[in-house]
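Dumped structure-v3.txt below, it's compact mmCIF, C-alpha atoms:
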```
# COMPACT_ATOMS: atom_id res chain seq x y z
CA MET A 1 49.94 -110.85 -43.96
CA THR A 2 48.48 -111.74 -40.60
CA GLN A 3 49.67 -114.95 -39.04
CA GLY A 4 48.17 -117.33 -36.53
CA LEU A 5 45.61 -120.08 -36.21
CA VAL A 6 42.11 -119.59 -37.48
CA PRO A 7 39.96 -119.24 -34.36
CA THR A 8 36.85 -121.27 -33.69
CA ARG A 9 33.91 -119.73 -35.49
CA ARG A 10 31.93 -117.36 -33.29
CA ARG A 11 28.41 -116.23 -33.85
CA LEU A 12 27.43 -113.25 -31.76
CA VAL A 13 23.68 -112.93 -31.73
CA GLN A 14 22.82 -109.42 -30.70
CA GLY A 15 19.57 -108.29 -29.24
CA GLY A 16 18.56 -110.78 -26.59
CA LEU A 17 18.85 -108.13 -23.91
CA ALA A 18 16.97 -105.65 -26.05
CA ALA A 19 14.14 -108.11 -26.66
CA GLY A 20 13.76 -108.74 -22.94
CA ALA A 21 13.84 -105.04 -22.20
CA ALA A 22 10.91 -104.50 -24.56
CA PHE A 23 8.51 -105.94 -21.99
CA ALA A 24 9.50 -103.17 -19.59
CA MET A 25 9.55 -100.40 -22.19
CA PRO A 26 6.11 -99.83 -23.72
CA GLY A 27 7.48 -97.37 -26.29
CA LEU A 28 9.93 -99.90 -27.72
CA VAL A 29 8.87 -101.96 -30.72
CA ARG A 30 9.91 -105.57 -30.28
CA ALA A 31 11.70 -107.05 -33.28
CA GLN A 32 9.52 -109.65 -35.01
CA GLY A 33 10.11 -112.20 -37.78
CA ALA A 34 13.30 -113.80 -39.02
CA PRO A 35 16.48 -111.98 -38.05
CA ILE A 36 18.53 -110.08 -40.62
CA ARG A 37 22.04 -111.44 -40.70
CA ILE A 38 25.02 -109.15 -41.17
CA GLY A 39 28.43 -110.74 -41.58
CA HIS A 40 31.42 -109.01 -39.99
CA LEU A 41 34.94 -109.87 -41.17
CA THR A 42 38.10 -108.25 -39.87
CA PRO A 43 41.57 -109.28 -38.67
CA ARG A 44 41.56 -110.43 -35.04
CA THR A 45 45.14 -111.73 -35.00
CA GLY A 46 48.50 -110.54 -36.34
CA PHE A 47 49.73 -106.98 -36.76
CA LEU A 48 46.23 -105.63 -37.51
CA GLY A 49 44.61 -107.53 -34.63
CA PRO A 50 44.50 -104.62 -32.14
CA LEU A 51 42.44 -102.60 -34.62
CA GLY A 52 40.19 -105.54 -35.39
CA GLU A 53 39.25 -105.86 -31.73
CA TYR A 54 37.97 -102.28 -31.72
CA ALA A 55 36.10 -103.00 -34.95
CA VAL A 56 34.26 -105.96 -33.44
CA MET A 57 33.35 -104.09 -30.25
CA ALA A 58 31.92 -101.22 -32.28
CA ALA A 59 29.93 -103.47 -34.62
CA GLN A 60 28.45 -105.27 -31.62
CA LEU A 61 27.46 -101.96 -30.04
CA ALA A 62 25.79 -100.79 -33.25
CA ALA A 63 23.80 -104.03 -33.56
CA GLU A 64 22.68 -103.81 -29.94
CA GLU A 65 21.51 -100.23 -30.41
CA ILE A 66 19.60 -101.12 -33.57
CA ASN A 67 17.85 -103.99 -31.82
CA ALA A 68 17.10 -101.90 -28.75
CA ALA A 69 15.33 -99.43 -31.06
CA GLY A 70 13.13 -102.15 -32.57
CA GLY A 71 15.43 -103.71 -35.16
CA ILE A 72 15.04 -103.15 -38.89
CA ASP A 73 11.34 -102.94 -39.69
CA GLY A 74 10.61 -105.20 -36.74
CA ARG A 75 13.38 -107.70 -37.49
CA ARG A 76 16.36 -107.92 -35.18
CA VAL A 77 19.94 -107.87 -36.41
CA GLU A 78 22.02 -111.02 -36.00
CA LEU A 79 25.69 -110.14 -36.21
CA LEU A 80 28.06 -112.92 -37.29
CA THR A 81 31.75 -112.27 -36.61
CA GLU A 82 34.88 -113.91 -37.99
CA ASP A 83 38.64 -113.35 -38.00
CA SER A 84 39.48 -112.70 -41.67
CA VAL A 85 43.15 -113.74 -41.08
CA ASN A 86 44.43 -113.29 -44.66
CA PRO A 87 43.02 -112.84 -48.20
CA GLN A 88 42.49 -116.55 -48.83
CA THR A 89 40.72 -117.14 -45.54
CA ALA A 90 38.73 -113.91 -45.90
CA SER A 91 37.48 -115.05 -49.29
CA SER A 92 36.38 -118.49 -48.06
CA LYS A 93 34.64 -117.03 -45.01
CA ALA A 94 32.89 -114.41 -47.13
CA GLU A 95 31.65 -117.19 -49.43
CA ARG A 96 30.28 -119.06 -46.42
CA TYR A 97 28.51 -115.93 -45.24
CA VAL A 98 26.88 -115.44 -48.62
CA GLU A 99 26.11 -119.05 -49.62
CA ARG A 100 25.39 -120.79 -46.31
CA ASP A 101 24.49 -118.07 -43.83
CA LYS A 102 22.55 -115.95 -46.36
CA VAL A 103 23.77 -112.67 -44.92
CA ALA A 104 22.15 -109.52 -46.22
CA ALA A 105 25.44 -107.61 -46.07
CA ILE A 106 29.10 -107.92 -45.12
CA VAL A 107 30.93 -105.18 -43.23
CA GLY A 108 34.49 -104.79 -42.01
CA GLU A 109 38.08 -105.58 -43.02
CA ILE A 110 41.31 -103.62 -42.65
CA SER A 111 43.73 -105.31 -45.06
CA SER A 112 43.40 -103.99 -48.62
CA ALA A 113 44.27 -107.38 -50.11
CA SER A 114 41.59 -109.10 -48.02
CA ALA A 115 39.07 -106.39 -48.83
CA LEU A 116 39.61 -107.03 -52.53
CA ALA A 117 39.01 -110.75 -51.98
CA ILE A 118 35.80 -110.07 -50.03
CA GLY A 119 34.66 -107.56 -52.65
CA GLN A 120 34.99 -110.19 -55.37
CA VAL A 121 32.83 -112.62 -53.39
CA ALA A 122 30.26 -109.91 -52.65
CA GLN A 123 30.11 -109.01 -56.34
CA ARG A 124 29.43 -112.60 -57.38
CA GLY A 125 26.77 -113.02 -54.71
CA LYS A 126 25.20 -109.57 -55.27
CA THR A 127 25.63 -108.88 -51.56
CA ILE A 128 26.76 -105.43 -50.45
CA PHE A 129 30.11 -105.13 -48.71
CA LEU A 130 30.98 -102.02 -46.71
CA ASN A 131 34.75 -101.74 -46.35
CA THR A 132 35.58 -100.14 -43.03
CA GLY A 133 39.37 -100.15 -42.90
CA ALA A 134 41.10 -100.85 -46.25
CA ASN A 135 42.69 -97.74 -47.75
CA SER A 136 44.11 -98.69 -51.14
CA ASP A 137 43.13 -96.26 -53.91
CA ALA A 138 43.02 -99.25 -56.26
CA LEU A 139 39.90 -100.52 -54.48
CA ARG A 140 38.20 -97.31 -55.60
CA GLY A 141 39.88 -97.40 -59.00
CA GLN A 142 40.93 -100.37 -61.12
CA ASP A 143 39.56 -102.88 -58.57
CA CYS A 144 36.24 -101.14 -57.85
CA LYS A 145 33.10 -103.26 -57.63
CA ARG A 146 29.41 -102.42 -57.88
CA TYR A 147 28.64 -104.15 -54.57
CA MET A 148 31.64 -102.77 -52.65
CA PHE A 149 31.38 -99.44 -50.77
CA HIS A 150 34.06 -97.67 -48.77
CA VAL A 151 33.35 -96.12 -45.37
CA GLU A 152 37.13 -95.99 -44.90
CA GLY A 153 39.06 -93.20 -46.60
CA ALA A 154 41.42 -93.79 -49.51
CA ASN A 155 45.18 -93.43 -49.18
CA SER A 156 45.12 -90.27 -51.29
CA MET A 157 42.64 -88.73 -48.83
CA TYR A 158 44.94 -89.43 -45.89
CA VAL A 159 47.93 -87.97 -47.73
CA LYS A 160 46.05 -84.80 -48.70
CA ALA A 161 44.65 -84.32 -45.19
CA VAL A 162 47.96 -84.54 -43.34
CA GLY A 163 49.78 -82.91 -46.25
CA ARG A 164 48.06 -79.64 -45.40
CA SER A 165 49.53 -79.65 -41.90
CA LEU A 166 52.99 -80.66 -43.08
CA THR A 167 52.96 -77.85 -45.67
CA GLU A 168 51.97 -75.34 -42.98
CA GLN A 169 54.88 -76.60 -40.84
CA GLY A 170 57.34 -76.06 -43.72
CA LEU A 171 58.13 -79.76 -43.98
CA VAL A 172 57.39 -80.36 -47.66
CA LYS A 173 58.84 -78.01 -50.29
CA GLY A 174 62.58 -78.47 -50.67
CA LYS A 175 62.68 -81.11 -47.91
CA ARG A 176 64.06 -84.66 -47.83
CA TRP A 177 61.88 -87.44 -46.44
CA TYR A 178 62.87 -90.89 -45.24
CA SER A 179 59.94 -93.30 -45.40
CA LEU A 180 59.23 -96.73 -43.92
CA THR A 181 56.49 -98.63 -45.72
CA ALA A 182 54.55 -101.78 -44.81
CA ASP A 183 55.37 -104.40 -47.43
CA TYR A 184 51.90 -105.34 -48.62
CA ALA A 185 49.15 -103.91 -50.83
CA PHE A 186 48.17 -101.06 -48.50
CA GLY A 187 51.73 -99.87 -47.99
CA HIS A 188 52.71 -100.09 -51.64
CA ASP A 189 49.70 -98.04 -52.66
CA LEU A 190 50.29 -95.49 -49.89
CA LEU A 191 53.94 -95.05 -50.90
CA ARG A 192 52.90 -94.45 -54.50
CA VAL A 193 50.43 -91.76 -53.42
CA ALA A 194 52.94 -90.18 -51.01
CA LYS A 195 55.60 -89.96 -53.70
CA GLY A 196 53.12 -88.35 -56.07
CA PHE A 197 52.27 -85.75 -53.44
CA MET A 198 55.90 -85.05 -52.61
CA GLN A 199 56.97 -84.68 -56.23
CA GLY A 200 54.07 -82.31 -56.87
CA GLN A 201 55.07 -80.16 -53.88
CA GLY A 202 58.79 -79.84 -54.64
CA GLY A 203 60.24 -82.33 -52.17
CA THR A 204 62.36 -85.47 -52.48
CA PHE A 205 62.85 -88.81 -50.74
CA ALA A 206 66.19 -89.48 -49.08
CA ALA A 207 65.19 -93.15 -49.07
CA ASP A 208 62.17 -95.41 -48.82
CA GLU A 209 62.31 -98.78 -47.09
CA LEU A 210 59.87 -101.68 -47.40
CA VAL A 211 59.26 -103.27 -43.98
CA PRO A 212 57.91 -106.84 -43.57
CA THR A 213 54.56 -106.84 -41.80
CA ASP A 214 55.88 -109.20 -39.12
CA ALA A 215 58.86 -106.96 -38.28
CA THR A 216 59.11 -105.97 -34.62
CA ASP A 217 62.71 -104.73 -34.42
CA PHE A 218 63.32 -101.42 -36.21
CA SER A 219 66.90 -100.85 -35.03
CA ALA A 220 68.46 -101.40 -38.46
CA TYR A 221 66.14 -98.83 -40.00
CA LEU A 222 66.71 -96.35 -37.19
CA ILE A 223 70.49 -96.53 -37.68
CA LYS A 224 70.02 -95.75 -41.38
CA ILE A 225 67.74 -92.84 -40.54
CA ARG A 226 70.33 -91.41 -38.15
CA GLN A 227 72.94 -91.57 -40.91
CA ALA A 228 70.66 -90.08 -43.59
CA LYS A 229 69.66 -87.05 -41.47
CA PRO A 230 66.34 -86.43 -43.24
CA ASP A 231 64.14 -83.40 -42.68
CA LEU A 232 61.18 -85.67 -41.87
CA VAL A 233 60.66 -89.36 -41.15
CA ILE A 234 57.47 -90.68 -42.77
CA SER A 235 55.57 -93.75 -41.62
CA ASN A 236 53.65 -95.71 -44.22
CA LEU A 237 53.41 -98.55 -41.70
CA ALA A 238 50.26 -100.28 -40.47
CA GLY A 239 48.77 -101.77 -37.34
CA ASN A 240 51.02 -102.42 -34.37
CA GLN A 241 54.05 -101.80 -36.62
CA ILE A 242 53.40 -98.11 -35.90
CA THR A 243 53.28 -98.62 -32.13
CA ASN A 244 56.54 -100.60 -32.13
CA PHE A 245 58.26 -98.11 -34.41
CA LEU A 246 57.29 -95.09 -32.30
CA LYS A 247 58.45 -96.73 -29.08
CA GLN A 248 61.83 -97.60 -30.56
CA TYR A 249 62.16 -94.21 -32.26
CA ALA A 250 61.76 -92.55 -28.85
CA GLU A 251 64.30 -94.94 -27.30
CA TYR A 252 66.88 -93.99 -29.94
CA GLY A 253 66.27 -90.31 -29.26
CA LEU A 254 66.43 -89.31 -32.93
CA PRO A 255 65.92 -85.56 -33.44
CA PHE A 256 64.09 -85.69 -36.78
CA PRO A 257 60.35 -84.91 -36.80
CA VAL A 258 57.95 -87.75 -37.55
CA ALA A 259 54.70 -87.89 -39.51
CA GLY A 260 52.55 -90.57 -41.05
CA PHE A 261 50.07 -91.08 -43.86
CA GLY A 262 48.20 -94.01 -42.36
CA PHE A 263 47.06 -94.11 -38.76
CA ASP A 264 44.65 -95.31 -36.08
CA THR A 265 44.39 -93.65 -32.68
CA ALA A 266 44.62 -97.01 -30.88
CA LEU A 267 48.24 -97.14 -32.05
CA ALA A 268 48.97 -93.83 -30.34
CA TRP A 269 47.47 -95.19 -27.14
CA GLY A 270 49.64 -98.28 -27.50
CA ALA A 271 52.78 -96.13 -27.83
CA GLY A 272 51.83 -93.95 -24.86
CA PRO A 273 52.89 -90.46 -23.68
CA GLY A 274 56.48 -89.62 -24.51
CA ASN A 275 56.61 -92.20 -27.31
CA PHE A 276 53.77 -91.01 -29.48
CA ALA A 277 55.07 -88.15 -31.62
CA GLY A 278 54.43 -86.32 -34.85
CA THR A 279 51.51 -85.39 -37.08
CA TRP A 280 49.08 -87.98 -38.43
CA PRO A 281 45.77 -88.15 -40.34
CA CYS A 282 42.60 -89.84 -39.15
CA LEU A 283 38.99 -90.11 -40.26
CA TRP A 284 37.60 -89.43 -36.80
CA HIS A 285 38.68 -89.32 -33.17
CA HIS A 286 36.95 -89.44 -29.81
CA LYS A 287 37.40 -85.71 -29.18
CA VAL A 288 35.25 -84.61 -32.15
CA ASP A 289 32.75 -82.11 -30.76
CA THR A 290 29.32 -82.98 -32.16
CA PRO A 291 26.25 -84.26 -30.26
CA SER A 292 26.25 -87.62 -32.05
CA ALA A 293 30.01 -88.05 -31.49
CA LYS A 294 29.59 -87.44 -27.78
CA ALA A 295 26.70 -89.92 -27.64
CA PHE A 296 28.76 -92.59 -29.45
CA VAL A 297 31.76 -92.05 -27.17
CA ALA A 298 29.58 -92.18 -24.05
CA ALA A 299 27.90 -95.43 -25.15
CA PHE A 300 31.23 -97.05 -26.05
CA VAL A 301 32.86 -95.99 -22.77
CA LYS A 302 29.87 -97.27 -20.79
CA LYS A 303 30.05 -100.68 -22.47
CA TYR A 304 33.80 -101.17 -22.75
CA GLY A 305 35.42 -98.81 -20.25
CA LYS A 306 37.50 -96.93 -22.81
CA PRO A 307 36.85 -94.53 -25.69
CA PRO A 308 36.39 -95.69 -29.29
CA GLU A 309 39.10 -95.04 -31.83
CA ASN A 310 38.74 -94.39 -35.55
CA GLN A 311 38.54 -98.05 -36.62
CA ALA A 312 35.68 -98.45 -34.16
CA TRP A 313 34.06 -95.41 -35.76
CA GLY A 314 34.15 -97.07 -39.19
CA ASP A 315 32.58 -100.38 -38.18
CA TYR A 316 29.96 -98.75 -35.95
CA ASN A 317 28.82 -96.51 -38.77
CA ALA A 318 28.92 -99.25 -41.40
CA VAL A 319 26.44 -101.35 -39.42
CA LYS A 320 24.23 -98.30 -38.84
CA ILE A 321 24.36 -97.35 -42.54
CA VAL A 322 23.40 -100.86 -43.62
CA ALA A 323 20.48 -100.85 -41.21
CA LYS A 324 19.24 -97.46 -42.41
CA ALA A 325 19.53 -98.53 -46.04
CA MET A 326 17.43 -101.64 -45.36
CA ALA A 327 14.87 -99.69 -43.34
CA ASP A 328 14.53 -96.93 -45.94
CA THR A 329 14.26 -99.34 -48.89
CA LYS A 330 12.27 -101.92 -46.90
CA SER A 331 14.48 -104.49 -48.56
CA THR A 332 17.54 -106.65 -47.96
CA GLU A 333 18.11 -107.27 -51.68
CA GLY A 334 21.57 -106.30 -52.87
CA PRO A 335 20.58 -104.47 -56.07
CA LYS A 336 18.08 -102.27 -54.23
CA LEU A 337 20.60 -101.44 -51.51
CA VAL A 338 23.22 -100.55 -54.12
CA SER A 339 20.81 -98.18 -55.85
CA TYR A 340 19.94 -96.56 -52.54
CA LEU A 341 23.56 -96.02 -51.50
CA GLU A 342 24.46 -94.69 -54.95
CA GLY A 343 21.50 -92.33 -54.85
CA GLY A 344 22.97 -89.70 -52.54
CA ALA A 345 21.46 -90.76 -49.20
CA LYS A 346 23.10 -88.86 -46.35
CA PHE A 347 24.17 -90.23 -42.99
CA ASP A 348 25.09 -88.70 -39.64
CA VAL A 349 28.57 -90.09 -38.95
CA GLN A 350 29.46 -88.10 -35.83
CA LYS A 351 31.07 -85.22 -37.72
CA PRO A 352 30.02 -81.61 -38.42
CA ARG A 353 28.41 -82.48 -41.77
CA PRO A 354 26.54 -85.60 -42.90
CA GLY A 355 28.35 -87.92 -45.30
CA TYR A 356 27.35 -89.75 -48.47
CA PHE A 357 28.69 -92.31 -50.92
CA ARG A 358 29.97 -90.94 -54.22
CA ALA A 359 28.22 -92.82 -57.02
CA ARG A 360 31.15 -93.13 -59.43
CA ASP A 361 33.52 -95.01 -57.09
CA HIS A 362 31.48 -95.68 -53.92
CA GLN A 363 33.86 -93.67 -51.74
CA PHE A 364 32.19 -92.30 -48.61
CA ILE A 365 32.59 -88.53 -48.54
CA SER A 366 33.08 -86.95 -45.12
CA GLU A 367 35.58 -84.79 -43.28
CA MET A 368 38.96 -85.89 -41.92
CA TYR A 369 41.36 -84.57 -39.28
CA ALA A 370 45.10 -84.12 -38.77
CA ILE A 371 46.29 -84.72 -35.21
CA THR A 372 49.58 -83.76 -33.59
CA ALA A 373 51.07 -85.45 -30.54
CA LEU A 374 51.23 -83.50 -27.29
CA PRO A 375 54.52 -83.33 -25.36
CA ALA A 376 54.50 -85.88 -22.54
CA ASP A 377 54.31 -83.16 -19.87
CA LYS A 378 51.14 -81.78 -21.47
CA VAL A 379 49.26 -85.09 -21.41
CA LYS A 380 46.62 -85.06 -18.67
CA ASP A 381 44.74 -88.21 -19.70
CA LYS A 382 46.17 -91.39 -21.23
CA TRP A 383 43.55 -91.23 -24.00
CA ASP A 384 44.05 -87.55 -24.89
CA LEU A 385 47.54 -87.62 -26.37
CA PHE A 386 47.03 -85.16 -29.20
CA THR A 387 45.59 -81.92 -30.48
CA SER A 388 43.49 -81.84 -33.63
CA THR A 389 42.86 -79.57 -36.56
CA PRO A 390 39.27 -78.55 -37.25
CA ALA A 391 37.44 -80.80 -39.70
CA ILE A 392 39.06 -81.01 -43.15
CA PRO A 393 37.65 -79.83 -45.54
CA GLY A 394 36.41 -76.75 -43.73
CA PRO A 395 32.77 -75.66 -43.65
CA ASN A 396 33.14 -73.48 -46.75
CA GLU A 397 35.00 -76.06 -48.83
CA ASP A 398 33.63 -78.66 -51.20
CA MET A 399 33.24 -81.98 -49.38
CA GLU A 400 35.10 -83.84 -52.14
CA VAL A 401 38.37 -81.90 -52.16
CA LEU A 402 40.23 -84.74 -50.42
CA ALA A 403 38.62 -87.59 -52.37
CA PRO A 404 40.48 -89.36 -55.18
CA THR A 405 40.13 -87.65 -58.53
CA ALA A 406 39.14 -89.62 -61.62
CA GLU A 407 42.84 -89.61 -62.57
CA GLU A 408 43.98 -90.86 -59.16
CA ALA A 409 41.46 -93.72 -59.10
CA ALA A 410 39.74 -94.44 -62.41
CA CYS A 411 36.80 -96.73 -61.68
CA LYS A 412 34.87 -98.61 -64.33
CA MET A 413 31.89 -99.94 -62.41
CA GLU A 414 30.42 -103.17 -63.74
CA GLY A 415 27.61 -105.49 -62.70
```
Let me see whether you can do it: turn the structure in this file into structure tokens.
Amino acid sequence: MTQGLVPTRRRLVQGGLAAGAAFAMPGLVRAQGAPIRIGHLTPRTGFLGPLGEYAVMAAQLAAEEINAAGGIDGRRVELLTEDSVNPQTASSKAERYVERDKVAAIVGEISSASALAIGQVAQRGKTIFLNTGANSDALRGQDCKRYMFHVEGANSMYVKAVGRSLTEQGLVKGKRWYSLTADYAFGHDLLRVAKGFMQGQGGTFAADELVPTDATDFSAYLIKIRQAKPDLVISNLAGNQITNFLKQYAEYGLPFPVAGFGFDTALAWGAGPGNFAGTWPCLWHHKVDTPSAKAFVAAFVKKYGKPPENQAWGDYNAVKIVAKAMADTKSTEGPKLVSYLEGGAKFDVQKPRPGYFRARDHQFISEMYAITALPADKVKDKWDLFTSTPAIPGPNEDMEVLAPTAEEAACKMEG
């Protein structure tokens, strides 16, 4: 898991600028009364740290926009942020949020093991937790919780989304894959799902390697890949593991195509033109062509000088969803918010169709994308390194075709 010292606790109180601006904007309702606290937990250090930084920036932007629009029923949002570090630390910080800080909700996380720990705390405290980055199907299945909701997609959704593109490219049936898998809960679950997909589609694995999350040198694995001569190299890696792997893969000049089942666009940017290669799934990217997507990208670029990536998308929308739920129910009570989110409320999440939480496992249902790296000589902008499929599922398909089936993730909701 992530390593490093636990940073000094930071409390980012959003909305001071918005409150001052209200004097100059007659149409703006100034937030009144006690603030509504939302706790944000996500890795800020270690191999998931680069994604966590985007998550925090996006959550801050969402809180500022909510406050600039008058807050939640006249109450401003106070966003508390922490580095979740590892499951043990995430659990203790979530407990402090619930018991001492009296947060109305917790959003964030990327590590599946830490998300489970936070979900257990949220369940005990009857405080909703919106998971924005943990993919394990088990969180939607055997480890599901009444107070835990998943803005992030499940591993099986990622595999099905990119699996369509790999099938179209003739890289599945009768092919041999060589996979590298992050050695923690997320990776183990993703490998299980990937093997299930491959076996169902008539392919085999030449080998699968578990890679420690602190690994930075992939030379030993690359030598084995060269010797195995697979039809496709599959990444089940996470965080900056992916960036390091892609850079070294390019240096070795291996001829085998690359694909992945877990991905964040920030990792492509970290690898850069000429190193980023292959086909990958993502929940959203900054090139999605909808009015709300363009507005989100413009606001993020204006504030931070660079486009948002898909982890930023998750945390931005989680904060906005929490705020809408509280405004619509006129309540910050956990049970009422759970009932609202389970009730089919729909949300604009910068995609062609609005999304919603599925009641039986609390998975957020929305489209996904498969992206393919552009050749280095085709890259015109350091942020635009890829082409994208249209939204998956397509406009005439059921929105839930990618979501885990009851067999893939059997959830027995309690509490």
Would you list the residues near (50.7, -83.3, -52.9), meaning any protein, DNA or RNA residue with an atom at most 12 Å from that point in file coordinates, counting all atoms listed in the file, as a ChimeraX atom specification? /A:156-167,172-173,192-204,261,402,408
Contacts of Ile128 of chain A within 6 Å, only C-alpha atoms, excl. fewer than 4 positions in-chain, as an mmCIF file with C-alpha atoms, in the frame of the given file:
```cif
data_model
loop_
_atom_site.group_PDB
_atom_site.id
_atom_site.type_symbol
_atom_site.label_atom_id
_atom_site.label_comp_id
_atom_site.auth_asym_id
_atom_site.auth_seq_id
_atom_site.Cartn_x
_atom_site.Cartn_y
_atom_site.Cartn_z
ATOM 1 C CA ALA A 105 25.440 -107.610 -46.070
ATOM 2 C CA TYR A 147 28.640 -104.150 -54.570
ATOM 3 C CA MET A 148 31.640 -102.770 -52.650
ATOM 4 C CA GLY A 334 21.570 -106.300 -52.870
#
```
Report as a PyMOL selection string all protein, DNA and RNA residues lying within 8 Å of Phe245 of chain A, evaluated on all atoms listed in the file, omitting residues in the same chain fewer than 5 positions from it. chain A and resi 216-218
Using only C-alpha atoms, I'd like a table of the residues in segment 162-210 of chain A that come within 12 Å of segment 236-241 of chain A; for each, show the closest atom pair and its distance in Å rounded to one decimal, ordered by chain and ascending number, as CSV.
```
residue,atom,partner,partner_atom,distance
A:Trp177,CA,A:Asn236,CA,11.9
A:Tyr178,CA,A:Asn236,CA,10.5
A:Ser179,CA,A:Asn236,CA,6.8
A:Leu180,CA,A:Asn236,CA,5.7
A:Thr181,CA,A:Asn236,CA,4.3
A:Ala182,CA,A:Leu237,CA,4.6
A:Asp183,CA,A:Leu237,CA,8.4
A:Tyr184,CA,A:Ala238,CA,9.7
A:Ala185,CA,A:Ala238,CA,11.0
A:Phe186,CA,A:Ala238,CA,8.3
A:Gly187,CA,A:Asn236,CA,5.9
A:His188,CA,A:Asn236,CA,8.7
A:Asp189,CA,A:Asn236,CA,9.6
A:Leu190,CA,A:Asn236,CA,6.6
A:Leu191,CA,A:Asn236,CA,6.7
A:Arg192,CA,A:Asn236,CA,10.4
A:Val193,CA,A:Asn236,CA,10.5
A:Ala194,CA,A:Asn236,CA,8.8
A:Lys195,CA,A:Asn236,CA,11.3
A:Asp208,CA,A:Asn236,CA,9.7
A:Glu209,CA,A:Asn236,CA,9.6
A:Leu210,CA,A:Leu237,CA,9.2
```
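Picture a line from atom CA of Met368 of chain A to atom CA of Pro273 of chain A; it runs 23.4 Å.
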In terms of the shortest atom-to-atom distance over all atoms listed in the file, which of A:Ala271, A:Val233, A:Leu51, A:Ile371 is closest to Ala259 of chain A? A:Val233
Padded axis-aligned box of segment 116-131 of chain A (6 Å per side), centre and edge lengths, Å, one decimal, as JSON:
```
{"center_x": 32.4, "center_y": -107.4, "center_z": -51.9, "size_x": 26.4, "size_y": 23.3, "size_z": 23.0}
```
Measure the distance from atom CA of Ser136 of chain A to atom CA of Thr243 of chain A in Å and round it to one decimal.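 If I compute the distance from atom CA of Ser136 of chain A to atom CA of Thr243 of chain A, I get 21.1 Å.
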Pick out the residues sitting within 7 Å of segment 41-44 of chain A, and hand them over as a PyMOL selection string; count all atoms listed in the file, and ignore anything fewer than 2 positions along from it in its own chain. chain A and resi 39+48-49+52-53+81-85+107-110
If we count only C-alpha atoms and set the cut-off at 10 Å, which residues sit around Glu400 of chain A, ignoring sequence neighbours fewer than 5 positions away in its own chain? Please answer as a count of residues only. 9
Output file: segment 353-362 of chain A, N, CA, C and O atoms, as a JSON list (two decimals), in the first residue's frame:
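File produced: out21.json:
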```
[["chain", "number", "residue", "atom", "x", "y", "z"],
["A", 353, "ARG", "N", -25.83, 10.75, -21.53],
["A", 353, "ARG", "CA", -27.05, 10.45, -20.79],
["A", 353, "ARG", "C", -26.83, 10.64, -19.29],
["A", 353, "ARG", "O", -25.72, 10.41, -18.80],
["A", 354, "PRO", "N", -27.87, 11.06, -18.57],
["A", 354, "PRO", "CA", -27.72, 11.18, -17.11],
["A", 354, "PRO", "C", -27.50, 9.81, -16.47],
["A", 354, "PRO", "O", -27.91, 8.78, -17.02],
["A", 355, "GLY", "N", -26.84, 9.80, -15.32],
["A", 355, "GLY", "CA", -26.58, 8.56, -14.61],
["A", 355, "GLY", "C", -27.41, 8.44, -13.35],
["A", 355, "GLY", "O", -28.04, 9.40, -12.90],
["A", 356, "TYR", "N", -27.39, 7.24, -12.76],
["A", 356, "TYR", "CA", -28.17, 6.97, -11.55],
["A", 356, "TYR", "C", -27.52, 5.82, -10.79],
["A", 356, "TYR", "O", -26.73, 5.05, -11.34],
["A", 357, "PHE", "N", -27.82, 5.73, -9.51],
["A", 357, "PHE", "CA", -27.33, 4.63, -8.69],
["A", 357, "PHE", "C", -28.30, 3.45, -8.77],
["A", 357, "PHE", "O", -29.51, 3.63, -8.59],
["A", 358, "ARG", "N", -27.77, 2.27, -9.00],
["A", 358, "ARG", "CA", -28.60, 1.07, -9.02],
["A", 358, "ARG", "C", -28.88, 0.65, -7.58],
["A", 358, "ARG", "O", -27.97, 0.54, -6.76],
["A", 359, "ALA", "N", -30.14, 0.43, -7.26],
["A", 359, "ALA", "CA", -30.54, 0.22, -5.87],
["A", 359, "ALA", "C", -29.93, -1.03, -5.26],
["A", 359, "ALA", "O", -29.55, -1.04, -4.09],
["A", 360, "ARG", "N", -29.79, -2.10, -6.04],
["A", 360, "ARG", "CA", -29.41, -3.38, -5.44],
["A", 360, "ARG", "C", -27.95, -3.45, -4.99],
["A", 360, "ARG", "O", -27.62, -4.22, -4.10],
["A", 361, "ASP", "N", -27.05, -2.66, -5.62],
["A", 361, "ASP", "CA", -25.65, -2.71, -5.22],
["A", 361, "ASP", "C", -25.00, -1.34, -5.13],
["A", 361, "ASP", "O", -23.81, -1.23, -4.85],
["A", 362, "HIS", "N", -25.78, -0.28, -5.38],
["A", 362, "HIS", "CA", -25.31, 1.11, -5.27],
["A", 362, "HIS", "C", -24.24, 1.47, -6.29],
["A", 362, "HIS", "O", -23.48, 2.42, -6.08]]
```
